[in-house]
$ cat final.pdb   # PDB, C-alpha atoms
ATOM      1  CA  PHE N1224       0.000   0.000   0.000
ATOM      2  CA  PHE N1225       2.799   2.413   0.951
ATOM      3  CA  PHE N1226       4.641   1.929  -2.343
ATOM      4  CA  PHE N1227       1.566   2.339  -4.554
ATOM      5  CA  SER N1228       0.304   5.295  -2.499
ATOM      6  CA  THR N1229       3.601   7.181  -2.854
ATOM      7  CA  VAL N1230       4.151   6.448  -6.544
ATOM      8  CA  LEU N1231       0.544   7.241  -7.474
ATOM      9  CA  ASN N1232       0.702  10.501  -5.511
ATOM     10  CA  LYS N1233       3.806  11.655  -7.367
ATOM     11  CA  LYS N1234       2.424  10.647 -10.747
ATOM     12  CA  TYR N1235      -0.818  12.481 -10.028
ATOM     13  CA  LEU N1236       0.995  15.604  -8.851
ATOM     14  CA  ASN N1237       3.059  15.544 -12.044
ATOM     15  CA  VAL N1238      -0.237  15.928 -13.921
ATOM     16  CA  ILE N1239      -2.095  18.242 -11.502
ATOM     17  CA  SER N1240       0.257  20.302  -9.352
ATOM     18  CA  ALA N1241      -2.167  21.067  -6.523
ATOM     19  CA  PRO N1242      -0.860  19.160  -3.464
ATOM     20  CA  LEU N1243      -3.231  20.668  -0.888
ATOM     21  CA  THR N1244      -6.364  19.999  -2.948
ATOM     22  CA  VAL N1245      -5.274  16.498  -3.978
ATOM     23  CA  GLY N1246      -4.453  15.680  -0.351
ATOM     24  CA  SER N1247      -7.853  16.936   0.805
ATOM     25  CA  LEU N1248      -9.691  14.931  -1.864
ATOM     26  CA  GLN N1249      -7.802  11.835  -0.729
ATOM     27  CA  PHE N1250      -9.157  12.427   2.773
ATOM     28  CA  LEU N1251     -12.614  12.607   1.184
ATOM     29  CA  VAL N1252     -12.100   9.231  -0.511
ATOM     30  CA  GLY N1253     -11.024   7.675   2.796
ATOM     31  CA  SER N1254     -13.958   9.271   4.633
ATOM     32  CA  LEU N1255     -16.471   7.919   2.092
ATOM     33  CA  TYR N1256     -14.893   4.457   2.394
ATOM     34  CA  CYS N1257     -15.406   4.529   6.183
ATOM     35  CA  LEU N1258     -18.948   5.892   5.970
ATOM     36  CA  ILE N1259     -19.898   3.052   3.609
ATOM     37  CA  LEU N1260     -18.521   0.467   6.047
ATOM     38  CA  TRP N1261     -20.324   2.059   9.001
ATOM     39  CA  SER N1262     -23.637   2.628   7.208
ATOM     40  CA  THR N1263     -23.739  -0.974   5.928
ATOM     41  CA  LYS N1264     -22.750  -2.210   9.418
ATOM     42  CA  LEU N1265     -19.747  -4.077   8.059
ATOM     43  CA  ARG N1266     -18.019  -2.283  10.920
ATOM     44  CA  ALA N1267     -19.612  -1.028  14.117
ATOM     45  CA  ALA N1268     -19.762   2.763  13.930
ATOM     46  CA  PRO N1269     -17.704   4.591  16.573
ATOM     47  CA  ILE N1270     -19.485   6.712  19.175
ATOM     48  CA  LEU N1271     -17.404   9.514  20.706
ATOM     49  CA  THR N1272     -17.744  11.146  24.111
ATOM     50  CA  PRO N1273     -16.949  14.883  24.425
ATOM     51  CA  ALA N1274     -13.435  13.917  25.555
ATOM     52  CA  GLY N1275     -13.176  11.581  22.574
ATOM     53  CA  LYS N1276     -14.176  14.331  20.145
ATOM     54  CA  THR N1277     -11.497  16.606  21.587
ATOM     55  CA  ALA N1278      -8.823  13.898  21.276
ATOM     56  CA  VAL N1279      -9.832  12.902  17.733
ATOM     57  CA  ASN N1280     -10.003  16.535  16.648
ATOM     58  CA  LYS N1281      -6.381  16.952  17.779
ATOM     59  CA  VAL N1282      -5.210  13.753  16.072
ATOM     60  CA  GLY N1283      -7.143  14.714  12.948
ATOM     61  CA  PHE N1284      -5.301  18.024  12.783
ATOM     62  CA  TYR N1285      -1.884  16.338  13.090
ATOM     63  CA  HIS N1286      -2.887  13.791  10.447
ATOM     64  CA  MET N1287      -4.125  16.514   8.107
ATOM     65  CA  ALA N1288      -0.997  18.628   8.592
ATOM     66  CA  GLY N1289       1.347  15.677   8.118
ATOM     67  CA  GLN N1290      -0.309  14.485   4.925
ATOM     68  CA  GLU N1291      -0.640  17.937   3.356
ATOM     69  CA  LEU N1292       3.009  18.734   4.123
ATOM     70  CA  SER N1293       4.037  15.368   2.646
ATOM     71  CA  MET N1294       2.107  16.144  -0.523
ATOM     72  CA  MET N1295       3.774  19.569  -0.735
ATOM     73  CA  SER N1296       7.190  17.935  -0.351
ATOM     74  CA  LEU N1297       6.451  15.361  -3.063
ATOM     75  CA  ASN N1298       5.221  18.130  -5.335
ATOM     76  CA  ALA N1299       8.336  20.270  -4.757
ATOM     77  CA  GLY N1300      11.026  17.603  -5.064
ATOM     78  CA  ALA N1301      11.906  14.038  -6.008
ATOM     79  CA  VAL N1302      10.287  11.088  -4.227
ATOM     80  CA  SER N1303      13.706   9.772  -3.240
ATOM     81  CA  PHE N1304      14.724  13.082  -1.626
ATOM     82  CA  THR N1305      11.453  13.429   0.315
ATOM     83  CA  HIS N1306      11.767   9.951   1.792
ATOM     84  CA  ILE N1307      15.440  10.363   2.652
ATOM     85  CA  VAL N1308      14.416  13.353   4.799
ATOM     86  CA  LYS N1309      11.393  11.518   6.195
ATOM     87  CA  ALA N1310      13.735   8.778   7.411
ATOM     88  CA  LEU N1311      14.242  11.129  10.381
ATOM     89  CA  GLU N1312      10.791  10.188  11.676
ATOM     90  CA  PRO N1313      12.137   7.991  14.540
ATOM     91  CA  PHE N1314      14.110  10.977  15.872
ATOM     92  CA  PHE N1315      11.008  13.180  15.913
ATOM     93  CA  SER N1316       8.903  10.442  17.531
ATOM     94  CA  ALA N1317      11.510   9.936  20.243
ATOM     95  CA  MET N1318      11.702  13.661  20.989
ATOM     96  CA  VAL N1319       7.916  14.092  21.045
ATOM     97  CA  SER N1320       7.470  11.074  23.327
ATOM     98  CA  GLY N1321      10.088  12.453  25.712
ATOM     99  CA  PHE N1322       9.590  16.214  25.792
ATOM    100  CA  VAL N1323       5.840  16.400  25.253
ATOM    101  CA  PHE N1324       4.607  13.301  27.064
ATOM    102  CA  GLY N1325       7.491  12.520  29.441
ATOM    103  CA  LYS N1326       8.004   8.994  28.108
ATOM    104  CA  TRP N1327      11.768   8.501  28.107
ATOM    105  CA  MET N1328      13.864   5.494  27.130
ATOM    106  CA  ASN N1329      17.398   4.489  28.075
ATOM    107  CA  PRO N1330      19.993   7.107  26.943
ATOM    108  CA  VAL N1331      21.855   4.449  24.945
ATOM    109  CA  VAL N1332      18.742   3.914  22.837
ATOM    110  CA  TYR N1333      18.651   7.620  21.979
ATOM    111  CA  ALA N1334      22.349   7.515  21.107
ATOM    112  CA  THR N1335      21.581   5.025  18.327
ATOM    113  CA  LEU N1336      19.515   7.722  16.606
ATOM    114  CA  ILE N1337      22.694   9.775  16.003
ATOM    115  CA  PRO N1338      23.754   7.797  12.895
ATOM    116  CA  VAL N1339      20.155   8.055  11.636
ATOM    117  CA  VAL N1340      20.236  11.848  11.822
ATOM    118  CA  GLY N1341      23.834  12.074  10.603
ATOM    119  CA  GLY N1342      23.271   9.712   7.709
ATOM    120  CA  VAL N1343      20.223  11.578   6.472
ATOM    121  CA  ALA N1344      22.002  14.931   6.820
ATOM    122  CA  TYR N1345      24.976  13.619   4.822
ATOM    123  CA  ALA N1346      22.646  12.180   2.175
ATOM    124  CA  CYS N1347      20.979  15.565   1.700
ATOM    125  CA  LEU N1348      24.234  17.510   1.277
ATOM    126  CA  LYS N1349      24.770  18.287  -2.404
ATOM    127  CA  GLU N1350      21.842  16.054  -3.346
ATOM    128  CA  ARG N1351      20.966  16.673  -7.005
ATOM    129  CA  ALA N1352      17.252  16.796  -6.297
ATOM    130  CA  PHE N1353      17.643  19.075  -3.257
ATOM    131  CA  SER N1354      14.819  21.539  -2.669
ATOM    132  CA  TRP N1355      14.451  23.726   0.420
ATOM    133  CA  LEU N1356      10.657  23.638   0.115
ATOM    134  CA  ALA N1357      10.699  19.845  -0.147
ATOM    135  CA  PHE N1358      13.106  19.680   2.816
ATOM    136  CA  TYR N1359      11.160  21.978   5.148
ATOM    137  CA  THR N1360       7.775  20.450   4.352
ATOM    138  CA  ALA N1361       9.134  16.907   4.814
ATOM    139  CA  MET N1362      10.595  17.937   8.193
ATOM    140  CA  GLY N1363       7.265  19.507   9.174
ATOM    141  CA  SER N1364       5.546  16.316   8.117
ATOM    142  CA  ASN N1365       7.874  14.331  10.392
ATOM    143  CA  LEU N1366       6.874  16.462  13.384
ATOM    144  CA  ALA N1367       3.146  16.297  12.596
ATOM    145  CA  PHE N1368       3.170  12.519  12.124
ATOM    146  CA  ALA N1369       5.212  12.048  15.309
ATOM    147  CA  LEU N1370       2.577  13.997  17.246
ATOM    148  CA  ARG N1371      -0.162  12.024  15.510
ATOM    149  CA  ALA N1372       1.405   8.685  16.447
ATOM    150  CA  VAL N1373       2.015   9.545  20.104
ATOM    151  CA  VAL N1374      -1.437  11.110  20.668
ATOM    152  CA  SER N1375      -3.103   8.231  18.785
ATOM    153  CA  LYS N1376      -1.244   5.713  20.940
ATOM    154  CA  SER N1377      -2.569   7.448  24.060
ATOM    155  CA  ALA N1378      -6.101   7.267  22.643
ATOM    156  CA  LEU N1379      -5.736   3.576  21.755
ATOM    157  CA  ASP N1380      -4.421   2.814  25.245
ATOM    158  CA  ALA N1381      -7.289   4.691  26.943
ATOM    159  CA  SER N1382      -9.422   2.340  29.003
ATOM    160  CA  GLY N1383     -12.900   2.460  30.508
ATOM    161  CA  GLY N1384     -14.569   3.923  27.442
ATOM    162  CA  GLU N1385     -13.689   7.483  28.394
ATOM    163  CA  LEU N1386     -13.241   8.421  24.716
ATOM    164  CA  GLY N1387     -16.189   6.504  23.346
ATOM    165  CA  GLU N1388     -17.439   3.140  22.095
ATOM    166  CA  ASN N1389     -16.266   0.906  19.236
ATOM    167  CA  LEU N1390     -12.913   2.735  19.108
ATOM    168  CA  SER N1391     -10.817  -0.033  17.610
ATOM    169  CA  SER N1392      -7.590   0.994  15.893
ATOM    170  CA  VAL N1393      -9.211   0.943  12.428
ATOM    171  CA  ASN N1394     -12.275   2.844  13.613
ATOM    172  CA  LEU N1395     -10.094   5.428  15.310
ATOM    173  CA  PHE N1396      -8.237   6.054  12.080
ATOM    174  CA  GLY N1397     -11.507   6.193  10.172
ATOM    175  CA  ILE N1398     -12.939   8.961  12.352
ATOM    176  CA  VAL N1399      -9.554  10.731  12.333
ATOM    177  CA  THR N1400      -9.689  10.757   8.521
ATOM    178  CA  CYS N1401     -13.169  12.320   8.571
ATOM    179  CA  TYR N1402     -11.968  15.058  10.911
ATOM    180  CA  ALA N1403      -8.848  15.600   8.783
ATOM    181  CA  PHE N1404     -10.954  16.071   5.652
ATOM    182  CA  VAL N1405     -13.132  18.755   7.273
ATOM    183  CA  GLN N1406     -10.054  20.538   8.658
ATOM    184  CA  SER N1407      -8.293  20.441   5.269
ATOM    185  CA  ILE N1408     -11.081  22.277   3.407
ATOM    186  CA  PRO N1409     -10.188  25.840   4.500
ATOM    187  CA  LEU N1410      -6.493  25.050   3.999
ATOM    188  CA  PHE N1411      -6.736  24.092   0.330
ATOM    189  CA  LEU N1412      -9.246  26.878  -0.358
ATOM    190  CA  MET N1413      -6.867  29.479   1.075
ATOM    191  CA  GLY N1414      -3.720  27.886  -0.342
ATOM    192  CA  GLU N1415      -4.848  26.983  -3.857
ATOM    193  CA  GLY N1416      -8.358  28.363  -4.182
ATOM    194  CA  LEU N1417     -10.068  27.360  -7.412
ATOM    195  CA  SER N1418      -6.800  26.894  -9.326
ATOM    196  CA  PHE N1419      -7.408  23.128  -9.111
ATOM    197  CA  ILE N1420     -10.272  23.490 -11.594
ATOM    198  CA  GLN N1421      -8.031  25.177 -14.150
ATOM    199  CA  LEU N1422      -5.258  22.606 -13.579
ATOM    200  CA  TRP N1423      -7.839  19.871 -14.114
ATOM    201  CA  LYS N1424      -8.932  21.451 -17.406
ATOM    202  CA  ASP N1425      -5.299  21.816 -18.496
ATOM    203  CA  ALA N1426      -4.741  18.094 -17.865
ATOM    204  CA  LEU N1427      -7.728  16.974 -19.966
ATOM    205  CA  PRO N1428      -5.978  17.090 -23.370
ATOM    206  CA  ASN N1429      -3.626  14.335 -22.156
ATOM    207  CA  SER N1430      -5.966  12.473 -19.774
ATOM    208  CA  SER N1431      -9.710  11.818 -19.744
ATOM    209  CA  THR N1432     -11.954  12.847 -16.860
ATOM    210  CA  TYR N1433     -12.458   9.152 -16.085
ATOM    211  CA  GLU N1434      -8.707   8.554 -15.820
ATOM    212  CA  LEU N1435      -8.205  11.584 -13.562
ATOM    213  CA  VAL N1436     -11.054  10.582 -11.245
ATOM    214  CA  LYS N1437      -9.925   6.962 -11.197
ATOM    215  CA  GLY N1438      -6.361   8.009 -10.343
ATOM    216  CA  LEU N1439      -7.588  10.187  -7.496
ATOM    217  CA  VAL N1440      -9.856   7.479  -6.065
ATOM    218  CA  ILE N1441      -7.214   4.760  -6.295
ATOM    219  CA  SER N1442      -4.470   6.915  -4.757
ATOM    220  CA  GLY N1443      -6.902   7.958  -2.002
ATOM    221  CA  LEU N1444      -7.789   4.348  -1.203
ATOM    222  CA  PHE N1445      -4.154   3.221  -1.136
ATOM    223  CA  HIS N1446      -3.306   6.156   1.120
ATOM    224  CA  TYR N1447      -6.147   5.275   3.476
ATOM    225  CA  LEU N1448      -5.435   1.533   3.580
ATOM    226  CA  ASN N1449      -1.710   2.120   4.140
ATOM    227  CA  ASN N1450      -2.472   4.267   7.184
ATOM    228  CA  GLU N1451      -5.145   1.876   8.440
ATOM    229  CA  VAL N1452      -2.563  -0.910   8.541
ATOM    230  CA  MET N1453      -0.212   1.500  10.320
ATOM    231  CA  TYR N1454      -2.846   2.106  13.020
ATOM    232  CA  LEU N1455      -3.252  -1.649  13.471
ATOM    233  CA  ALA N1456       0.477  -1.835  14.117
ATOM    234  CA  LEU N1457       0.412   1.229  16.395
ATOM    235  CA  SER N1458      -2.093  -0.465  18.691
ATOM    236  CA  ASN N1459       0.577  -3.080  19.479
ATOM    237  CA  VAL N1460       3.918  -1.218  19.442
ATOM    238  CA  HIS N1461       5.640   1.941  20.734
ATOM    239  CA  PRO N1462       5.312   5.007  18.434
ATOM    240  CA  VAL N1463       9.091   5.184  17.962
ATOM    241  CA  THR N1464       9.188   1.513  16.942
ATOM    242  CA  LEU N1465       6.474   2.233  14.390
ATOM    243  CA  ALA N1466       8.512   5.162  13.086
ATOM    244  CA  VAL N1467      11.474   2.821  12.636
ATOM    245  CA  GLY N1468       9.284   0.444  10.660
ATOM    246  CA  ASN N1469       8.166   3.328   8.464
ATOM    247  CA  THR N1470      11.802   4.208   7.851
ATOM    248  CA  MET N1471      12.561   0.679   6.695
ATOM    249  CA  LYS N1472       9.713   1.009   4.176
ATOM    250  CA  ARG N1473      11.392   4.115   2.818
ATOM    251  CA  VAL N1474      14.400   2.063   1.677
ATOM    252  CA  PHE N1475      12.206   0.322  -0.826
ATOM    253  CA  ILE N1476      10.522   3.590  -1.819
ATOM    254  CA  VAL N1477      13.832   5.378  -2.453
ATOM    255  CA  VAL N1478      15.119   2.540  -4.647
ATOM    256  CA  ALA N1479      11.797   2.081  -6.448
ATOM    257  CA  SER N1480      11.390   5.805  -7.120
ATOM    258  CA  VAL N1481      14.822   5.945  -8.746
ATOM    259  CA  VAL N1482      13.682   3.154 -11.085
ATOM    260  CA  VAL N1483      10.123   4.409 -11.738
ATOM    261  CA  PHE N1484      10.880   8.135 -12.103
ATOM    262  CA  ARG N1485      14.517   7.707 -13.253
ATOM    263  CA  THR N1486      15.686  10.231 -10.667
ATOM    264  CA  PRO N1487      19.497  10.182 -10.372
ATOM    265  CA  ILE N1488      20.888   9.678  -6.869
ATOM    266  CA  THR N1489      24.468  10.541  -5.915
ATOM    267  CA  VAL N1490      26.962   8.168  -4.310
ATOM    268  CA  GLN N1491      26.976  10.481  -1.288
ATOM    269  CA  ALA N1492      23.195  10.184  -0.960
ATOM    270  CA  ALA N1493      23.441   6.398  -1.211
ATOM    271  CA  ILE N1494      26.148   6.270   1.502
ATOM    272  CA  GLY N1495      24.227   8.622   3.785
ATOM    273  CA  SER N1496      21.029   6.636   3.331
ATOM    274  CA  ALA N1497      22.858   3.393   4.134
ATOM    275  CA  VAL N1498      24.359   4.885   7.317
ATOM    276  CA  GLY N1499      20.962   6.242   8.379
ATOM    277  CA  LEU N1500      19.193   2.951   7.760
ATOM    278  CA  GLY N1501      21.962   1.083   9.567
ATOM    279  CA  GLY N1502      21.287   3.378  12.519
ATOM    280  CA  VAL N1503      17.620   2.443  12.344
ATOM    281  CA  LEU N1504      18.497  -1.245  12.633
ATOM    282  CA  LEU N1505      20.868  -0.479  15.528
ATOM    283  CA  TYR N1506      18.118   1.472  17.290
ATOM    284  CA  SER N1507      15.672  -1.409  16.926
ATOM    285  CA  LEU N1508      18.087  -3.983  18.354
ATOM    286  CA  THR N1509      19.206  -1.704  21.201
ATOM    287  CA  LYS N1510      15.666  -0.813  22.209
ATOM    288  CA  GLN N1511      14.674  -4.474  22.217
ATOM    289  CA  TYR N1512      17.699  -5.329  24.411
ATOM    290  CA  TYR N1513      16.886  -2.718  27.079
ATOM    291  CA  GLU N1514      13.184  -3.606  27.088
ATOM    292  CA  GLU N1515      14.058  -7.242  27.812
ATOM    293  CA  LEU N1516      16.530  -6.104  30.481
ATOM    294  CA  GLU N1517      13.860  -4.015  32.213
ATOM    295  CA  LYS N1518      11.448  -6.964  32.191
ATOM    296  CA  LYS N1519      14.040  -9.178  33.884
ATOM    297  CA  GLN N1520      14.726  -6.529  36.532
ATOM    298  CA  ALA N1521      11.013  -5.921  37.208
TER     299      ALA N1521
END
$ encode --input "final.pdb" --output "structure tokens"
Amino acid sequence: FFFFSTVLNKKYLNVISAPLTVGSLQFLVGSLYCLILWSTKLRAAPILTPAGKTAVNKVGFYHMAGQELSMMSLNAGAVSFTHIVKALEPFFSAMVSGFVFGKWMNPVVYATLIPVVGGVAYACLKERAFSWLAFYTAMGSNLAFALRAVVSKSALDASGGELGENLSSVNLFGIVTCYAFVQSIPLFLMGEGLSFIQLWKDALPNSSTYELVKGLVISGLFHYLNNEVMYLALSNVHPVTLAVGNTMKRVFIVVASVVVFRTPITVQAAIGSAVGLGGVLLYSLTKQYYEELEKKQA
């Protein structure tokens, strides 16, 4: 899902360069998918308490911001460059968990994130596809998704029904998507206005309306399903561990994007990426070691 979602997004943005509007319409596709499941009772519809609405509204904002910033980064630069920068996600998740929510790990575990940060920084230096807009928006996306993961984890761990009923991991993401869509409407209207309509008309000589709609629906579904699977994983693991898993997925994306879009990547970028991903593996092993050590001491 992650691979197809990313590649389809970039291909669509190459045709219609309106990242905020495309991102918002993808939220709409995901929202409609959930509403169909709930209305047909294939899934029990979630019922939120006032506290639940407040929590979901917050998560929805982080989800909306993270996705829209990701789309802006993809639109401004190469897929490979965006995902090299987004490999820093474990660092952001670790910092958010510690500073914002007071959930700290062993200092040695944090030390293993140094090669992740250093490797990504080295990969970005003199990168052929470097773009400051792509860099800043990808970094902003990292922060937003880190906040989303940590706050979502707190919501998933909430007990006693204080947030509502039928709040499984997939239902939580479904309602988060609905909130994100509503919150994204003023953003794309202010950021891109009605320019999307003109861009759509400009794309028609090379693509039919059916093809454009189909591409939007398919990319929206893949985006939704990719994140739904991520929420299933989040219900069972630490947010930083999930971020590490996301980083491992980016290895495949970086390589695949070079093949699909024929984007050249420098030797320096390849070395930096390898160092960063090696750091990710080191982090995973170190964290697992200290978790087992704490269990033995408990």
$ closest_residue --input "final.pdb" --among "N:Phe1411, N:Phe1368, N:Tyr1359, N:Tyr1513" --to "N:Ser1247" --atoms "all atoms listed in the file"
N:Phe1411
$ atom_distance --input "final.pdb" --atom1 "atom CA of N:Gly1300" --atom2 "atom CA of N:Ala1357"
5.4 Å
$ closest_residue --input "final.pdb" --among "N:Val1230, N:Leu1379, N:Leu1505, N:Leu1386" --to "N:Ala1274" --atoms "all atoms listed in the file"
N:Leu1386
$ resolve_selection --input "final.pdb" --expression "the PyMOL selection byres ((chain N and resi 1506) around 8)" --output "list in words"
Val1332, Tyr1333, Thr1335, Leu1336, Gly1502, Val1503, Leu1504, Leu1505, Ser1507, Leu1508, Thr1509 and Lys1510 of chain N
$ axis_aligned_box --input "final.pdb" --around "stretch 1429-1445 of chain N" --padding-each-side "3 Å" --output "AutoDock Vina command-line options"
--center_x -8.0 --center_y 8.8 --center_z -11.6 --size_x 14.8 --size_y 17.1 --size_z 27.0
$ build_atoms --input "final.pdb" --residues "stretch 1492-1505 of chain N" --atoms "N, CA and C atoms" --output "compact mmCIF listing (two decimals), in the frame of the given file"
# COMPACT_ATOMS: atom_id res chain seq x y z
N ALA N 1492 24.55 10.42 -1.45
CA ALA N 1492 23.20 10.18 -0.96
C ALA N 1492 23.00 8.70 -0.63
N ALA N 1493 23.55 7.84 -1.45
CA ALA N 1493 23.44 6.40 -1.21
C ALA N 1493 24.16 6.00 0.08
N ILE N 1494 25.37 6.56 0.28
CA ILE N 1494 26.15 6.27 1.50
C ILE N 1494 25.42 6.79 2.74
N GLY N 1495 24.95 8.04 2.66
CA GLY N 1495 24.23 8.62 3.78
C GLY N 1495 22.98 7.84 4.13
N SER N 1496 22.25 7.42 3.11
CA SER N 1496 21.03 6.64 3.33
C SER N 1496 21.37 5.31 4.00
N ALA N 1497 22.45 4.67 3.55
CA ALA N 1497 22.86 3.39 4.13
C ALA N 1497 23.24 3.54 5.60
N VAL N 1498 23.97 4.63 5.92
CA VAL N 1498 24.36 4.88 7.32
C VAL N 1498 23.11 5.13 8.17
N GLY N 1499 22.18 5.95 7.65
CA GLY N 1499 20.96 6.24 8.38
C GLY N 1499 20.13 5.00 8.63
N LEU N 1500 20.00 4.16 7.62
CA LEU N 1500 19.19 2.95 7.76
C LEU N 1500 19.89 1.93 8.66
N GLY N 1501 21.22 1.93 8.63
CA GLY N 1501 21.96 1.08 9.57
C GLY N 1501 21.71 1.52 11.00
N GLY N 1502 21.62 2.84 11.20
CA GLY N 1502 21.29 3.38 12.52
C GLY N 1502 19.90 2.95 12.97
N VAL N 1503 18.98 2.88 12.03
CA VAL N 1503 17.62 2.44 12.34
C VAL N 1503 17.63 1.01 12.86
N LEU N 1504 18.39 0.14 12.20
CA LEU N 1504 18.50 -1.25 12.63
C LEU N 1504 19.15 -1.32 14.01
N LEU N 1505 20.19 -0.52 14.24
CA LEU N 1505 20.87 -0.48 15.53
C LEU N 1505 19.91 -0.02 16.62
